[in-house]
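Everything below belongs to coords_20.cif, which stores mmCIF, N, CA and C atoms.
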data_run
#
loop_
_atom_site.label_atom_id
_atom_site.label_comp_id
_atom_site.auth_asym_id
_atom_site.auth_seq_id
_atom_site.Cartn_x
_atom_site.Cartn_y
_atom_site.Cartn_z
N SER A 1 35.71 21.98 43.87
CA SER A 1 35.38 23.38 43.63
C SER A 1 35.77 24.22 44.86
N ASP A 2 35.73 25.51 44.70
CA ASP A 2 36.03 26.40 45.82
C ASP A 2 35.03 26.23 46.95
N ASP A 3 33.75 26.00 46.59
CA ASP A 3 32.72 25.79 47.63
C ASP A 3 33.02 24.55 48.45
N GLU A 4 33.46 23.48 47.79
CA GLU A 4 33.76 22.25 48.50
C GLU A 4 34.95 22.44 49.44
N LYS A 5 35.98 23.14 48.97
CA LYS A 5 37.14 23.41 49.82
C LYS A 5 36.74 24.26 51.03
N PHE A 6 35.89 25.25 50.78
CA PHE A 6 35.39 26.12 51.84
C PHE A 6 34.63 25.30 52.89
N LEU A 7 33.79 24.39 52.42
CA LEU A 7 33.01 23.54 53.32
C LEU A 7 33.93 22.70 54.20
N VAL A 8 34.87 22.02 53.58
CA VAL A 8 35.75 21.11 54.31
C VAL A 8 36.71 21.86 55.23
N ASN A 9 37.31 22.92 54.74
CA ASN A 9 38.34 23.61 55.51
C ASN A 9 37.80 24.57 56.57
N ASP A 10 36.68 25.22 56.28
CA ASP A 10 36.19 26.27 57.18
C ASP A 10 35.01 25.84 58.06
N TYR A 11 34.11 25.02 57.51
CA TYR A 11 32.90 24.71 58.26
C TYR A 11 32.96 23.41 59.05
N LEU A 12 33.51 22.37 58.46
CA LEU A 12 33.49 21.08 59.17
C LEU A 12 34.17 21.15 60.53
N PRO A 13 35.29 21.85 60.69
CA PRO A 13 35.88 21.95 62.03
C PRO A 13 34.95 22.64 63.04
N LEU A 14 34.06 23.51 62.57
CA LEU A 14 33.17 24.25 63.48
C LEU A 14 32.03 23.39 64.02
N ILE A 15 31.70 22.30 63.34
CA ILE A 15 30.52 21.53 63.75
C ILE A 15 30.86 20.26 64.51
N LYS A 16 32.10 20.05 64.84
CA LYS A 16 32.48 18.82 65.53
C LYS A 16 31.88 18.72 66.92
N ASP A 17 31.86 19.81 67.67
CA ASP A 17 31.39 19.78 69.06
C ASP A 17 30.33 20.83 69.29
N ASN A 18 29.08 20.40 69.37
CA ASN A 18 27.96 21.25 69.76
C ASN A 18 27.94 22.60 69.02
N PRO A 19 27.74 22.56 67.71
CA PRO A 19 27.76 23.80 66.95
C PRO A 19 26.52 24.65 67.20
N PRO A 20 26.64 25.96 67.10
CA PRO A 20 25.46 26.81 67.23
C PRO A 20 24.53 26.60 66.03
N PRO A 21 23.22 26.78 66.23
CA PRO A 21 22.26 26.53 65.14
C PRO A 21 22.54 27.33 63.87
N GLU A 22 23.03 28.56 64.01
CA GLU A 22 23.28 29.35 62.80
C GLU A 22 24.42 28.77 61.97
N VAL A 23 25.39 28.12 62.62
CA VAL A 23 26.48 27.48 61.89
C VAL A 23 25.94 26.26 61.15
N VAL A 24 25.09 25.49 61.82
CA VAL A 24 24.49 24.32 61.18
C VAL A 24 23.66 24.75 59.98
N GLN A 25 22.87 25.80 60.12
CA GLN A 25 22.03 26.28 59.02
C GLN A 25 22.89 26.73 57.83
N GLU A 26 23.95 27.46 58.12
CA GLU A 26 24.85 27.91 57.05
C GLU A 26 25.50 26.72 56.35
N LEU A 27 25.90 25.73 57.13
CA LEU A 27 26.49 24.52 56.57
C LEU A 27 25.50 23.82 55.64
N LEU A 28 24.25 23.73 56.06
CA LEU A 28 23.23 23.10 55.22
C LEU A 28 23.05 23.85 53.91
N GLU A 29 23.07 25.17 53.97
CA GLU A 29 22.93 25.97 52.75
C GLU A 29 24.11 25.74 51.80
N VAL A 30 25.32 25.68 52.34
CA VAL A 30 26.50 25.43 51.51
C VAL A 30 26.42 24.03 50.90
N ALA A 31 26.03 23.04 51.72
CA ALA A 31 25.93 21.67 51.23
C ALA A 31 24.88 21.56 50.13
N LYS A 32 23.74 22.25 50.29
CA LYS A 32 22.71 22.23 49.25
C LYS A 32 23.22 22.85 47.96
N ALA A 33 23.96 23.95 48.07
CA ALA A 33 24.50 24.60 46.88
C ALA A 33 25.49 23.69 46.16
N ILE A 34 26.35 23.02 46.91
CA ILE A 34 27.31 22.09 46.31
C ILE A 34 26.56 20.94 45.65
N GLY A 35 25.56 20.41 46.35
CA GLY A 35 24.77 19.31 45.79
C GLY A 35 24.07 19.71 44.51
N TYR A 36 23.50 20.91 44.49
CA TYR A 36 22.82 21.38 43.28
C TYR A 36 23.81 21.53 42.13
N GLN A 37 24.98 22.10 42.41
CA GLN A 37 25.99 22.27 41.36
C GLN A 37 26.41 20.92 40.78
N ALA A 38 26.65 19.95 41.66
CA ALA A 38 27.06 18.62 41.19
C ALA A 38 25.95 17.96 40.39
N PHE A 39 24.71 18.03 40.90
CA PHE A 39 23.58 17.44 40.20
C PHE A 39 23.40 18.09 38.83
N SER A 40 23.53 19.39 38.78
CA SER A 40 23.38 20.12 37.52
C SER A 40 24.44 19.69 36.51
N ARG A 41 25.69 19.56 36.95
CA ARG A 41 26.76 19.12 36.04
C ARG A 41 26.50 17.72 35.52
N ILE A 42 26.03 16.83 36.39
CA ILE A 42 25.80 15.44 36.00
C ILE A 42 24.64 15.34 35.02
N THR A 43 23.56 16.07 35.28
CA THR A 43 22.33 15.89 34.51
C THR A 43 22.20 16.80 33.30
N ARG A 44 23.06 17.76 33.15
CA ARG A 44 22.93 18.76 32.08
C ARG A 44 22.81 18.13 30.69
N GLU A 45 23.57 17.10 30.42
CA GLU A 45 23.64 16.53 29.08
C GLU A 45 22.86 15.22 28.91
N LEU A 46 22.13 14.81 29.94
CA LEU A 46 21.43 13.52 29.85
C LEU A 46 20.17 13.62 28.99
N ALA A 47 19.90 12.55 28.25
CA ALA A 47 18.65 12.46 27.51
C ALA A 47 17.50 12.35 28.52
N PRO A 48 16.29 12.80 28.14
CA PRO A 48 15.16 12.81 29.09
C PRO A 48 14.87 11.46 29.74
N ASP A 49 14.95 10.36 28.99
CA ASP A 49 14.65 9.06 29.60
C ASP A 49 15.72 8.66 30.62
N ILE A 50 16.97 8.98 30.34
CA ILE A 50 18.04 8.67 31.29
C ILE A 50 17.93 9.57 32.51
N LEU A 51 17.60 10.84 32.30
CA LEU A 51 17.41 11.76 33.42
C LEU A 51 16.27 11.27 34.32
N GLY A 52 15.19 10.79 33.72
CA GLY A 52 14.07 10.25 34.51
C GLY A 52 14.50 9.06 35.35
N ALA A 53 15.28 8.17 34.77
CA ALA A 53 15.77 7.00 35.52
C ALA A 53 16.71 7.44 36.64
N PHE A 54 17.54 8.42 36.38
CA PHE A 54 18.48 8.94 37.37
C PHE A 54 17.72 9.54 38.56
N ILE A 55 16.72 10.35 38.27
CA ILE A 55 15.91 10.96 39.34
C ILE A 55 15.14 9.89 40.09
N GLY A 56 14.61 8.89 39.38
CA GLY A 56 13.91 7.79 40.03
C GLY A 56 14.80 7.05 41.01
N ALA A 57 16.05 6.84 40.63
CA ALA A 57 16.99 6.16 41.52
C ALA A 57 17.25 6.99 42.78
N ILE A 58 17.36 8.30 42.62
CA ILE A 58 17.57 9.17 43.78
C ILE A 58 16.37 9.11 44.72
N VAL A 59 15.17 9.10 44.16
CA VAL A 59 13.96 9.01 44.99
C VAL A 59 13.94 7.68 45.74
N GLU A 60 14.29 6.59 45.07
CA GLU A 60 14.34 5.29 45.74
C GLU A 60 15.33 5.30 46.90
N ILE A 61 16.49 5.89 46.69
CA ILE A 61 17.49 5.98 47.75
C ILE A 61 16.93 6.76 48.93
N ALA A 62 16.25 7.87 48.65
CA ALA A 62 15.68 8.69 49.72
C ALA A 62 14.62 7.93 50.49
N ILE A 63 13.80 7.15 49.80
CA ILE A 63 12.74 6.39 50.47
C ILE A 63 13.35 5.32 51.36
N VAL A 64 14.33 4.58 50.85
CA VAL A 64 14.98 3.54 51.65
C VAL A 64 15.68 4.16 52.86
N LYS A 65 16.36 5.27 52.65
CA LYS A 65 17.07 5.94 53.74
C LYS A 65 16.08 6.42 54.80
N ASP A 66 14.88 6.77 54.38
CA ASP A 66 13.85 7.24 55.29
C ASP A 66 13.23 6.08 56.08
N GLY A 67 13.63 4.85 55.77
CA GLY A 67 13.16 3.70 56.53
C GLY A 67 11.97 2.99 55.92
N ARG A 68 11.56 3.42 54.76
CA ARG A 68 10.46 2.75 54.09
C ARG A 68 11.00 1.92 52.95
N ASP A 69 10.32 0.85 52.64
CA ASP A 69 10.73 -0.01 51.54
C ASP A 69 10.40 0.69 50.23
N ALA A 70 11.36 0.80 49.34
CA ALA A 70 11.16 1.49 48.07
C ALA A 70 10.17 0.77 47.17
N TYR A 71 9.89 -0.48 47.46
CA TYR A 71 9.02 -1.24 46.56
C TYR A 71 7.66 -1.54 47.16
N ASP A 72 7.24 -0.81 48.20
CA ASP A 72 5.89 -1.00 48.76
C ASP A 72 4.84 -0.47 47.82
#
Can the structure in the file be given as C-alpha cells, please?
Amino acid sequence: SDDEKFLVNDYLPLIKDNPPPEVVQELLEVAKAIGYQAFSRITRELAPDILGAFIGAIVEIAIVKDGRDAYD
C-alpha cells in the first residue's frame, strides 16, 4: 500500500541513528495504521469462530513475546 511504501522509503532511513522522539512516535502511528489495515483486510470475511481462534493466536504470540509462558 502507499502507507507501507511511505514507511519504508521515508521513515525507516530516519530512525537508523538516534532518531528524535517525535520521529519515533510518528513511525509508531504509521505502523499501527498499517497493522490495523492489514488486520482488517484479513479478518473482514472470517466466521466468528475462526476470528476468535485468530485473535487467540495473536494473544498467545504477544504473551510469549512478553516473556511469559502462554500456557501458564
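Atom CA of A:Glu60 is found 16.2 Å from atom CA of A:Phe39.
Between atom C of A:Leu46 and atom C of A:Ala62 there is a distance of 22.9 Å.
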In Å, with one decimal, what is the gap from atom CA of A:Ala33 to atom CA of A:Val8?
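Separation of atom CA of A:Ala33 and atom CA of A:Val8: 13.9 Å.
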Excluding A:Ile55 and residues on its chain fewer than 3 positions from it, collect all residues at most 12 Å away from it, counting only C-alpha atoms, and give them as a PyMOL selection string.
chain A and resi 39-40+42-43+46+48-52+58-62
Written file, previous selection with N, CA and C atoms, as a compact mmCIF listing (two decimals), keeping the file's coordinate frame:
# COMPACT_ATOMS: atom_id res chain seq x y z
N PHE A 39 24.71 18.03 40.90
CA PHE A 39 23.58 17.44 40.20
C PHE A 39 23.40 18.09 38.83
N SER A 40 23.53 19.39 38.78
CA SER A 40 23.38 20.12 37.52
C SER A 40 24.44 19.69 36.51
N ILE A 42 26.03 16.83 36.39
CA ILE A 42 25.80 15.44 36.00
C ILE A 42 24.64 15.34 35.02
N THR A 43 23.56 16.07 35.28
CA THR A 43 22.33 15.89 34.51
C THR A 43 22.20 16.80 33.30
N LEU A 46 22.13 14.81 29.94
CA LEU A 46 21.43 13.52 29.85
C LEU A 46 20.17 13.62 28.99
N PRO A 48 16.29 12.80 28.14
CA PRO A 48 15.16 12.81 29.09
C PRO A 48 14.87 11.46 29.74
N ASP A 49 14.95 10.36 28.99
CA ASP A 49 14.65 9.06 29.60
C ASP A 49 15.72 8.66 30.62
N ILE A 50 16.97 8.98 30.34
CA ILE A 50 18.04 8.67 31.29
C ILE A 50 17.93 9.57 32.51
N LEU A 51 17.60 10.84 32.30
CA LEU A 51 17.41 11.76 33.42
C LEU A 51 16.27 11.27 34.32
N GLY A 52 15.19 10.79 33.72
CA GLY A 52 14.07 10.25 34.51
C GLY A 52 14.50 9.06 35.35
N ILE A 58 17.36 8.30 42.62
CA ILE A 58 17.57 9.17 43.78
C ILE A 58 16.37 9.11 44.72
N VAL A 59 15.17 9.10 44.16
CA VAL A 59 13.96 9.01 44.99
C VAL A 59 13.94 7.68 45.74
N GLU A 60 14.29 6.59 45.07
CA GLU A 60 14.34 5.29 45.74
C GLU A 60 15.33 5.30 46.90
N ILE A 61 16.49 5.89 46.69
CA ILE A 61 17.49 5.98 47.75
C ILE A 61 16.93 6.76 48.93
N ALA A 62 16.25 7.87 48.65
CA ALA A 62 15.68 8.69 49.72
C ALA A 62 14.62 7.93 50.49
Can you list, as a PyMOL selection string, all residues belonging to chain A that DSSP tags as alpha helix (DSSP H)?
chain A and resi 2-6+21-43+48-65
